[in-house]
Amino acid sequence: MSERESVINFPAGFYLLRYKRSVGTGEHPTIEVRVPPEHARSIILVSSPFEDPGIIGRPGGCLVIRAEHVGEVRVIVRPRAGSRNGEAELELEPLAHDSTTGSIQHGRGSKAGGDPEISVLGHVSRRGDITVGSDIWLAGPDAPAPIEGIALQLQRGDNDLSLEYQVLIGDSKGGWTPWAGQTNFVGTRGMHKPIVGFRVRLTGQSSRDYTLNVSGLFLGANIETKQGSAVELLSPAEIDPLVGLKVSLAANPQMGASATNQPRSQEKRLQQPRADRVRVFRSSLSR
């Protein structure tokens, strides 16, 4: 089996790229991370002292990415000699610095008093599966590309809070997918059927305590940002692909008050999607 290459793009920041597991059967593949020449001055990779530079040799390994500006790295999944296993699951974890306490807070895990965070996995045309953290662009203004499928996940926080989402597939036989719960993949992979609409809503007993912040970029249009407990982004002509998406969540100033800014007519539409199919996603950056 030949090696697979994917691209991960991200804004300036500090990240941990973790090799979570080998997806296929047989001996696990090796991961190589390369910085393109045009980003060599602004992106630094810090590898394990027990690995060659830019190499993650086995599941459980990781490397650190330091990016001074918006940039990208190329990830190569390379099967070992005599093995046909060329799939691996990777996770890009943003690391945020708390200037008040001087401590480092991980993008996953719990933090006292912290808001829940949403990670977004998207299948991006010609780039494969890419996972980004809360309030980070998937594709987006600096690296636009058609998004073909999406899966969302709440990373921490309130056990009484959950979310659902659906996408409008840009195809003559497409339509709105059914509502999917978190970690479920909606859309397509490798079929060149871009998303032209996106809906997300909060559910659960604590849904009124939080507000979604969603920004989307459709080809040929300006960035559109909406807030609420239920949000819809739609291509102006319903044919231009979604080429950027950013999602985050914030606690409402007055807990218990409804944060939705959606008109009743729109909320009614959000409850009546057209049928399609749901697929469970595999969080892999190697496709």
# chains A, B, ... in the order shown; residues from 1 in each chain; ligands from 1

call {"tool": "closest_atom_pairs", "arguments": {"of": "segment 12-34 of chain A", "to": "segment 51-65 of chain A", "cutoff": "8 Å", "atoms": "only C-alpha atoms", "output": "CSV"}}
result
residue,atom,partner,partner_atom,distance
A:Phe14,CA,A:Ile65,CA,5.9
A:Tyr15,CA,A:Ile65,CA,5.0
A:Leu16,CA,A:Val64,CA,4.7
A:Leu17,CA,A:Cys62,CA,5.5
A:Arg18,CA,A:Cys62,CA,4.3
A:Tyr19,CA,A:Pro59,CA,5.0
A:Lys20,CA,A:Pro59,CA,5.4
A:Arg21,CA,A:Pro59,CA,4.9
A:Ser22,CA,A:Pro59,CA,6.6
A:His28,CA,A:Arg58,CA,6.8
A:Pro29,CA,A:Arg58,CA,7.4
A:Thr30,CA,A:Gly57,CA,4.9
A:Ile31,CA,A:Ile56,CA,5.0
A:Glu32,CA,A:Ile55,CA,4.6
A:Val33,CA,A:Gly54,CA,4.9
A:Arg34,CA,A:Gly54,CA,6.4

call {"tool": "write_last_selection", "arguments": {"atoms": "C-alpha atoms", "output": "short mmCIF file (atom, residue, chain, number, x, y, z; two decimals), in the first residue's frame"}}
result
data_model
loop_
_atom_site.label_atom_id
_atom_site.label_comp_id
_atom_site.auth_asym_id
_atom_site.auth_seq_id
_atom_site.Cartn_x
_atom_site.Cartn_y
_atom_site.Cartn_z
CA PHE A 14 0.94 26.12 20.15
CA TYR A 15 -0.27 22.61 19.31
CA LEU A 16 0.23 18.97 20.20
CA LEU A 17 -0.10 16.48 17.34
CA ARG A 18 -0.79 13.07 18.84
CA TYR A 19 -0.72 9.66 17.13
CA LYS A 20 -3.76 8.13 18.81
CA ARG A 21 -3.96 4.73 17.16
CA SER A 22 -3.51 2.67 14.02
CA HIS A 28 1.13 0.25 12.57
CA PRO A 29 2.36 2.79 10.00
CA THR A 30 4.88 5.57 10.63
CA ILE A 31 3.87 9.24 10.66
CA GLU A 32 6.09 11.91 9.13
CA VAL A 33 5.31 15.62 9.57
CA ARG A 34 6.86 18.14 7.18
#

call {"tool": "residues_around", "arguments": {"residues": "Lys226 of chain A", "least_positions_apart": "6", "cutoff": "9 Å", "atoms": "only C-alpha atoms", "output": "PyMOL selection string"}}
result
chain A and resi 212-216+232-233+261

call {"tool": "closest_residue", "arguments": {"among": "A:Pro79, A:Pro37, A:Gly220, A:Pro241", "to": "Ile169 of chain A", "atoms": "only C-alpha atoms"}}
result
A:Pro241

call {"tool": "residues_around", "arguments": {"residues": "Leu202 of chain A", "least_positions_apart": "4", "cutoff": "7 Å", "atoms": "only C-alpha atoms", "output": "list in words"}}
result
Ser162, Leu163, Glu164, Ser207, Ser229 and Ala230 of chain A

call {"tool": "atom_distance", "arguments": {"atom1": "atom CA of Gly181 of chain A", "atom2": "atom CA of Ile8 of chain A"}}
result
25.0 Å

call {"tool": "residues_around", "arguments": {"residues": "Asp142 of chain A", "least_positions_apart": "4", "cutoff": "9 Å", "atoms": "only C-alpha atoms", "output": "list in words"}}
result
Asn9, Pro11, Val70, Gly71 and Trp137 of chain A

call {"tool": "write_last_selection", "arguments": {"atoms": "C-alpha atoms", "output": "compact mmCIF listing (two decimals), in the first residue's frame"}}
result
# COMPACT_ATOMS: atom_id res chain seq x y z
CA ASN A 9 -3.80 24.13 8.48
CA PRO A 11 -3.78 29.80 12.97
CA VAL A 70 -1.22 31.07 10.05
CA GLY A 71 0.33 28.08 8.34
CA TRP A 137 -11.14 27.76 11.24

call {"tool": "closest_residue", "arguments": {"among": "A:Asp135, A:Asp129, A:Glu117, A:Glu238", "to": "Leu168 of chain A", "atoms": "only C-alpha atoms"}}
result
A:Glu238

call {"tool": "atom_distance", "arguments": {"atom1": "atom CA of Val77 of chain A", "atom2": "atom CA of Leu92 of chain A"}}
result
15.2 Å

call {"tool": "residues_around", "arguments": {"residues": "Asp160 of chain A", "least_positions_apart": "2", "cutoff": "12 Å", "atoms": "only C-alpha atoms", "output": "mmCIF file with C-alpha atoms, in the first residue's frame"}}
result
data_model
loop_
_atom_site.group_PDB
_atom_site.id
_atom_site.type_symbol
_atom_site.label_atom_id
_atom_site.label_comp_id
_atom_site.auth_asym_id
_atom_site.auth_seq_id
_atom_site.Cartn_x
_atom_site.Cartn_y
_atom_site.Cartn_z
ATOM 1 C CA PRO A 116 -17.470 23.467 27.112
ATOM 2 C CA LEU A 154 -18.231 18.604 22.861
ATOM 3 C CA ARG A 156 -15.671 18.974 28.168
ATOM 4 C CA GLY A 157 -18.080 20.595 30.566
ATOM 5 C CA ASP A 158 -21.781 20.215 31.321
ATOM 6 C CA SER A 162 -25.368 18.146 23.960
ATOM 7 C CA LEU A 163 -25.659 19.250 20.365
ATOM 8 C CA LEU A 202 -27.940 22.851 21.394
ATOM 9 C CA THR A 203 -29.992 20.239 23.229
ATOM 10 C CA GLY A 204 -30.272 19.035 26.793
ATOM 11 C CA GLN A 205 -31.337 20.611 30.073
ATOM 12 C CA SER A 206 -28.472 23.131 30.028
ATOM 13 C CA SER A 207 -28.960 24.255 26.424
ATOM 14 C CA ARG A 208 -30.416 27.617 27.531
ATOM 15 C CA ASP A 209 -27.269 28.389 29.502
ATOM 16 C CA TYR A 210 -24.996 28.559 26.452
#

call {"tool": "atom_distance", "arguments": {"atom1": "atom CA of Thr211 of chain A", "atom2": "atom CA of Gly187 of chain A"}}
result
24.5 Å

call {"tool": "closest_residue", "arguments": {"among": "A:Ser125, A:Ser48, A:Thr131, A:Gln182", "to": "Val243 of chain A", "atoms": "only C-alpha atoms"}}
result
A:Ser125

call {"tool": "decode", "arguments": {"residues": "segment 53-73 of chain A", "atoms": "N, CA and C atoms", "output": "short mmCIF file (atom, residue, chain, number, x, y, z; two decimals), in the first residue's frame"}}
result
data_model
loop_
_atom_site.label_atom_id
_atom_site.label_comp_id
_atom_site.auth_asym_id
_atom_site.auth_seq_id
_atom_site.Cartn_x
_atom_site.Cartn_y
_atom_site.Cartn_z
N PRO A 53 13.77 13.70 13.68
CA PRO A 53 12.98 14.94 13.55
C PRO A 53 11.79 14.77 12.62
N GLY A 54 10.63 15.21 13.09
CA GLY A 54 9.41 15.15 12.27
C GLY A 54 8.76 13.79 12.22
N ILE A 55 9.25 12.81 12.97
CA ILE A 55 8.71 11.45 12.91
C ILE A 55 7.97 11.11 14.20
N ILE A 56 6.78 10.50 14.04
CA ILE A 56 6.06 9.88 15.15
C ILE A 56 5.98 8.40 14.80
N GLY A 57 6.77 7.60 15.49
CA GLY A 57 6.97 6.22 15.07
C GLY A 57 5.90 5.24 15.44
N ARG A 58 5.11 5.54 16.48
CA ARG A 58 4.14 4.55 16.93
C ARG A 58 2.98 5.23 17.66
N PRO A 59 1.82 4.55 17.77
CA PRO A 59 0.70 5.10 18.51
C PRO A 59 1.10 5.46 19.94
N GLY A 60 0.58 6.56 20.42
CA GLY A 60 0.94 7.08 21.73
C GLY A 60 2.00 8.16 21.67
N GLY A 61 2.71 8.24 20.53
CA GLY A 61 3.72 9.27 20.35
C GLY A 61 3.11 10.60 19.94
N CYS A 62 3.92 11.65 19.99
CA CYS A 62 3.41 12.97 19.64
C CYS A 62 4.58 13.88 19.30
N LEU A 63 4.25 15.05 18.77
CA LEU A 63 5.22 16.12 18.60
C LEU A 63 4.51 17.45 18.80
N VAL A 64 5.28 18.48 19.07
CA VAL A 64 4.73 19.81 19.34
C VAL A 64 4.93 20.70 18.12
N ILE A 65 3.91 21.48 17.79
CA ILE A 65 3.97 22.42 16.68
C ILE A 65 3.86 23.84 17.24
N ARG A 66 4.84 24.67 16.92
CA ARG A 66 4.80 26.09 17.32
C ARG A 66 4.68 26.93 16.06
N ALA A 67 3.56 27.66 15.93
CA ALA A 67 3.29 28.44 14.73
C ALA A 67 3.18 29.92 15.10
N GLU A 68 4.04 30.74 14.52
CA GLU A 68 3.99 32.17 14.79
C GLU A 68 2.93 32.87 13.95
N HIS A 69 2.58 32.28 12.82
CA HIS A 69 1.57 32.84 11.92
C HIS A 69 0.68 31.71 11.42
N VAL A 70 -0.38 32.07 10.71
CA VAL A 70 -1.22 31.07 10.05
C VAL A 70 -0.34 30.23 9.13
N GLY A 71 -0.51 28.93 9.17
CA GLY A 71 0.33 28.08 8.34
C GLY A 71 -0.24 26.69 8.22
N GLU A 72 0.60 25.77 7.74
CA GLU A 72 0.16 24.40 7.54
C GLU A 72 1.36 23.46 7.64
N VAL A 73 1.06 22.20 7.92
CA VAL A 73 2.06 21.14 7.86
C VAL A 73 1.49 20.01 7.01
#
